[in-house]
Every structure is written in structure tokens, then in C-alpha cells.
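First the structure, in the form of C-alpha cells, and then the observations on it.
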Amino acid sequence: MKKAYIFFALIAIICTTSCGKFWGASGTPHQRYILLTGECLRSMELEYYHPESLDHQIDRNRFIFTFSLDMTDYIIEDTGWKQDRLIPSEETFNTFRGNKKNVKHAFEDVYEECCAYFSAQGRFSISTIIYDKGISLTADKDFAGFPAGEDLASEIMGIPQNDGFPKDAILAPGWNLAENAGTALNIPLDYLTLLEDVISFSIPMGNHTLTDEKVTFELNIPVKVIMYLNWLNDKVTDPKAPVVYKDEVLHCRFTTNHGLR
């Protein structure tokens, strides 16, 4: 299942960094709807996507970084012609035993709200992993004008495809902001954005030169992992139940084949 997830995540990455859509043989866009909860996050280790070419590393004078979350316990359901969805697995819902039907019904209601919100997009990717601030990125060599070991966080911005949204929405598209898609999930916490199943951000190249050298980075992203299904379960008997979450840090140590000097 993990291999299948990575395959679909990388398909999304490649499409995002090229044309923004996944076109089938018939020329019709493939639609994917993803709603994965904190219960599906297996570990805090992110997997870095190593671009096969510079076309996927550099876009509009920005150096692109892309990662997939370590998700598990989900299923891929075919919902129609060139449409499917990723949701928590039946086994995950089974853990709620007598409350399974109520939890699943509440989840499906939220899923339908997400579909309604994203009706014009033809796709969405939402996880109940929320980010507010505090990202940190360091390199073991000078990079983009920053000395080795200095935090690059101040230079991080969204990828070019997300331009037009607030700059602070650096890790996910602007429609995943708390005041946008977040209204469908109604999580009663202060946060900036709901993360997608894939995290992408960029650093502007400016007047720096792309170098042919290996650079090792350390990435840390503080998040709240919302155990959304557990929260829905608690709300069966207590509609005012507090949201269930864990404070965690997503992490990745990775090496690129290029640098910026």
C-alpha cells in the first residue's frame, strides 16, 4: 500500500510541476479526491521527491522542494469514470466498533462538504494535519546566499502554481487555508492551513547560480496531527468534545543534486 501511495503522490507531483493536470490517453483530466485523517499518518518522516530532470527542480526561477507524507491505512476507491478518492480504510473505521456507523456517516458528511467546496477544482487533497508556523530548513553548504547551517525559512515561499494566494500559504494551495477549505472540517483550533498529502514549497533563485553539487538539507515542520476520526467518535456522545490532536514535527534529511551559489 505504501508503494502505491508513493506512486500516486509522485504522479501528482509531476503533474503539479508541469501542467497542473493529469491527462489520460483520451485527453480528459483524471480527478482525484483525497481526505486523509491523522489516524492515517504512520510516521513523521517525509519522503523527498528526487526530480528526474531540472524541469521538475526549477520552475520560474524558483528552486522546488517536494515531499510525500508517510500515509498508511487508507483505500483508493473508484467513484466513477476517471474519478477516485483516497479515504481512511475500512479497518480504521472498524476500530470504533459500535460507533463505526456513526463515525463513518459523520466522515462522509464532511467529505461531501469538501466536494461541494472544491466543485470547481475537479480535485482536492486534504489531510487533517494542520500547520501554522515554525518551519525550519538548513543546508550543509552555502545556499541561496545563506551560509551553511543558517535557517532558510525566511526565503521559503509557495510553488509558482499557487501564486495569487497569500504568501503565507507556503506548504499547500491557498484553498487549503483554514478560512477556506478548513471551514468544511470545522476544527476549533487556530492554524494557517490544512496540509495536502504532498508538501511542496520553493526558494527563489534570484541572481544566484545553479551549481552541480550535492547539498544535504534538514527540514522540520511543526504540525498538529488531528485525530479526526477519534474526535468524531467522541462527538457522538458529547457534541462539545475537545478536538483530539498530537503536537508533532514532520522531518526529512535529504540531499539534492544541485545547489544555489
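Ligands are numbered from 1 in the order shown, chains are lettered A, B, ... in the order of the C-alpha cells, and residues start at 1 in each chain.
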Report as a list in words all protein, DNA and RNA residues lying within 9 Å of Phe96 (chain A), evaluated on only C-alpha atoms, omitting residues in the same chain fewer than 6 positions from it. Val103, Leu229, Asn230 and Asn233 of chain A
Can you tell me, as number ranges by chain, what residues are no more than 10 Å from Leu185 (chain A) when counting only C-alpha atoms, ignoring any on the same chain fewer than 3 positions away? A: 107, 109-111, 113-114, 126, 128, 178, 181-182, 188, 194, 228
For the alpha helix (DSSP H) assignment from backbone DSSP, which residues of region 46-99 of chain A qualify? Please present them as number ranges by chain. A: 90-94
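The smallest atom-to-atom distance between Thr95 (chain A) and any of A:Glu39, A:Tyr191, A:Ile156, A:Gly122, using only C-alpha atoms, is found for A:Glu39.
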Considering only C-alpha atoms, return as a list in words whatever protein or nucleic-acid residues lie within 9 Å of region 251-256 of chain A, sequence-local ones (same chain, fewer than 5 positions apart) excluded.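 The neighbour list is Met44, Glu45, Leu46, Glu47, Tyr48, His50, Pro51, Phe67, Glu213, Lys214, Val215, Thr216, Phe217, Glu218, Leu219, Asn220, Ile221 and Pro222 of chain A.
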Residue contacts of region 172-177 of chain A (7 Å, only C-alpha atoms) excluding same-chain residues fewer than 3 positions away, as a PyMOL selection string: chain A and resi 162+165-166+169+180-182+192-196+199-200
May I have the residues from that selection written out with all heavy atoms, as an mmCIF file, in the first residue's frame?
data_model
loop_
_atom_site.group_PDB
_atom_site.id
_atom_site.type_symbol
_atom_site.label_atom_id
_atom_site.label_comp_id
_atom_site.auth_asym_id
_atom_site.auth_seq_id
_atom_site.Cartn_x
_atom_site.Cartn_y
_atom_site.Cartn_z
ATOM 1 N N ASN A 162 0.858 28.069 -7.130
ATOM 2 C CA ASN A 162 -0.028 28.595 -6.090
ATOM 3 C C ASN A 162 0.047 30.115 -5.962
ATOM 4 O O ASN A 162 -0.529 30.680 -5.035
ATOM 5 C CB ASN A 162 0.312 27.946 -4.738
ATOM 6 C CG ASN A 162 0.056 26.460 -4.741
ATOM 7 O OD1 ASN A 162 -0.742 25.963 -5.528
ATOM 8 N ND2 ASN A 162 0.738 25.736 -3.857
ATOM 9 N N PHE A 165 -2.336 33.325 -4.256
ATOM 10 C CA PHE A 165 -2.830 33.121 -2.912
ATOM 11 C C PHE A 165 -1.882 33.834 -1.946
ATOM 12 O O PHE A 165 -0.768 34.216 -2.323
ATOM 13 C CB PHE A 165 -2.881 31.624 -2.577
ATOM 14 C CG PHE A 165 -3.925 30.874 -3.355
ATOM 15 C CD1 PHE A 165 -3.554 29.968 -4.333
ATOM 16 C CD2 PHE A 165 -5.267 31.075 -3.102
ATOM 17 C CE1 PHE A 165 -4.509 29.261 -5.049
ATOM 18 C CE2 PHE A 165 -6.231 30.375 -3.814
ATOM 19 C CZ PHE A 165 -5.855 29.475 -4.788
ATOM 20 N N PRO A 166 -2.290 33.989 -0.681
ATOM 21 C CA PRO A 166 -1.398 34.645 0.278
ATOM 22 C C PRO A 166 -0.047 33.947 0.361
ATOM 23 O O PRO A 166 0.024 32.715 0.325
ATOM 24 C CB PRO A 166 -2.169 34.522 1.597
ATOM 25 C CG PRO A 166 -3.603 34.412 1.191
ATOM 26 C CD PRO A 166 -3.587 33.640 -0.096
ATOM 27 N N ALA A 169 0.646 30.987 2.715
ATOM 28 C CA ALA A 169 0.179 29.627 2.414
ATOM 29 C C ALA A 169 1.285 28.902 1.662
ATOM 30 O O ALA A 169 1.152 28.531 0.506
ATOM 31 C CB ALA A 169 -1.100 29.676 1.590
ATOM 32 N N ASN A 180 -10.667 28.846 4.296
ATOM 33 C CA ASN A 180 -11.248 28.330 3.051
ATOM 34 C C ASN A 180 -11.732 26.891 3.274
ATOM 35 O O ASN A 180 -12.770 26.681 3.865
ATOM 36 C CB ASN A 180 -10.240 28.442 1.915
ATOM 37 C CG ASN A 180 -9.916 29.888 1.592
ATOM 38 O OD1 ASN A 180 -10.719 30.787 1.849
ATOM 39 N ND2 ASN A 180 -8.754 30.142 1.033
ATOM 40 N N ALA A 181 -10.973 25.905 2.814
ATOM 41 C CA ALA A 181 -11.404 24.514 2.972
ATOM 42 C C ALA A 181 -11.534 24.118 4.439
ATOM 43 O O ALA A 181 -12.299 23.214 4.785
ATOM 44 C CB ALA A 181 -10.420 23.580 2.268
ATOM 45 N N GLY A 182 -10.794 24.808 5.309
ATOM 46 C CA GLY A 182 -10.871 24.484 6.730
ATOM 47 C C GLY A 182 -12.267 24.616 7.302
ATOM 48 O O GLY A 182 -12.597 23.973 8.302
ATOM 49 N N LEU A 192 -2.953 27.917 10.218
ATOM 50 C CA LEU A 192 -2.896 28.572 8.911
ATOM 51 C C LEU A 192 -3.534 27.734 7.820
ATOM 52 O O LEU A 192 -4.412 28.193 7.099
ATOM 53 C CB LEU A 192 -1.440 28.860 8.546
ATOM 54 C CG LEU A 192 -1.211 29.501 7.173
ATOM 55 C CD1 LEU A 192 -1.826 30.896 7.118
ATOM 56 C CD2 LEU A 192 0.278 29.566 6.855
ATOM 57 N N THR A 193 -3.069 26.470 7.692
ATOM 58 C CA THR A 193 -3.508 25.672 6.543
ATOM 59 C C THR A 193 -3.596 24.192 6.862
ATOM 60 O O THR A 193 -2.912 23.691 7.759
ATOM 61 C CB THR A 193 -2.543 25.889 5.360
ATOM 62 O OG1 THR A 193 -3.067 25.293 4.179
ATOM 63 C CG2 THR A 193 -1.168 25.295 5.647
ATOM 64 N N LEU A 194 -4.449 23.510 6.112
ATOM 65 C CA LEU A 194 -4.516 22.055 6.097
ATOM 66 C C LEU A 194 -3.489 21.559 5.082
ATOM 67 O O LEU A 194 -3.465 22.030 3.949
ATOM 68 C CB LEU A 194 -5.911 21.583 5.671
ATOM 69 C CG LEU A 194 -7.094 22.017 6.534
ATOM 70 C CD1 LEU A 194 -8.379 21.987 5.693
ATOM 71 C CD2 LEU A 194 -7.239 21.113 7.743
ATOM 72 N N LEU A 195 -2.640 20.641 5.469
ATOM 73 C CA LEU A 195 -1.659 20.128 4.535
ATOM 74 C C LEU A 195 -2.300 19.163 3.544
ATOM 75 O O LEU A 195 -3.291 18.500 3.853
ATOM 76 C CB LEU A 195 -0.535 19.412 5.281
ATOM 77 C CG LEU A 195 0.318 20.272 6.216
ATOM 78 C CD1 LEU A 195 1.457 19.447 6.794
ATOM 79 C CD2 LEU A 195 0.858 21.509 5.509
ATOM 80 N N GLU A 196 -1.715 19.093 2.364
ATOM 81 C CA GLU A 196 -2.104 18.081 1.392
ATOM 82 C C GLU A 196 -1.338 16.795 1.693
ATOM 83 O O GLU A 196 -0.535 16.730 2.624
ATOM 84 C CB GLU A 196 -1.798 18.553 -0.028
ATOM 85 C CG GLU A 196 -2.612 19.750 -0.465
ATOM 86 C CD GLU A 196 -2.487 20.005 -1.957
ATOM 87 O OE1 GLU A 196 -1.352 20.183 -2.437
ATOM 88 O OE2 GLU A 196 -3.524 20.016 -2.632
ATOM 89 N N ILE A 199 3.660 17.761 0.137
ATOM 90 C CA ILE A 199 4.070 19.105 0.534
ATOM 91 C C ILE A 199 5.074 19.637 -0.484
ATOM 92 O O ILE A 199 6.067 18.967 -0.787
ATOM 93 C CB ILE A 199 4.719 19.094 1.927
ATOM 94 C CG1 ILE A 199 3.694 18.711 2.997
ATOM 95 C CG2 ILE A 199 5.331 20.461 2.254
ATOM 96 C CD1 ILE A 199 4.301 18.526 4.372
ATOM 97 N N SER A 200 4.813 20.815 -1.008
ATOM 98 C CA SER A 200 5.747 21.459 -1.938
ATOM 99 C C SER A 200 5.959 22.904 -1.531
ATOM 100 O O SER A 200 5.020 23.589 -1.109
ATOM 101 C CB SER A 200 5.201 21.418 -3.371
ATOM 102 O OG SER A 200 5.151 20.096 -3.865
#
Nearest residue to Arg261 (chain A) from the set A:Lys235, A:Lys224, A:Lys141, A:His56 (distances using only C-alpha atoms):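 When distances to Arg261 (chain A) are compared using only C-alpha atoms, the smallest one comes from A:Lys141.
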Exercise: Asp59 (chain A) partners within 9 Å, only C-alpha atoms, chain neighbours under 2 positions left out, as a list in words: Thr17, Ser18, Leu54, Asp55, His56, Gln57, Asn61, Arg62, Phe63, Ile64, Ile159 and Pro160 of chain A
For CA of Arg85 (chain A) and CA of Ile129 (chain A), determine how far apart the two atoms are, in Å to one decimal place. 18.0 Å
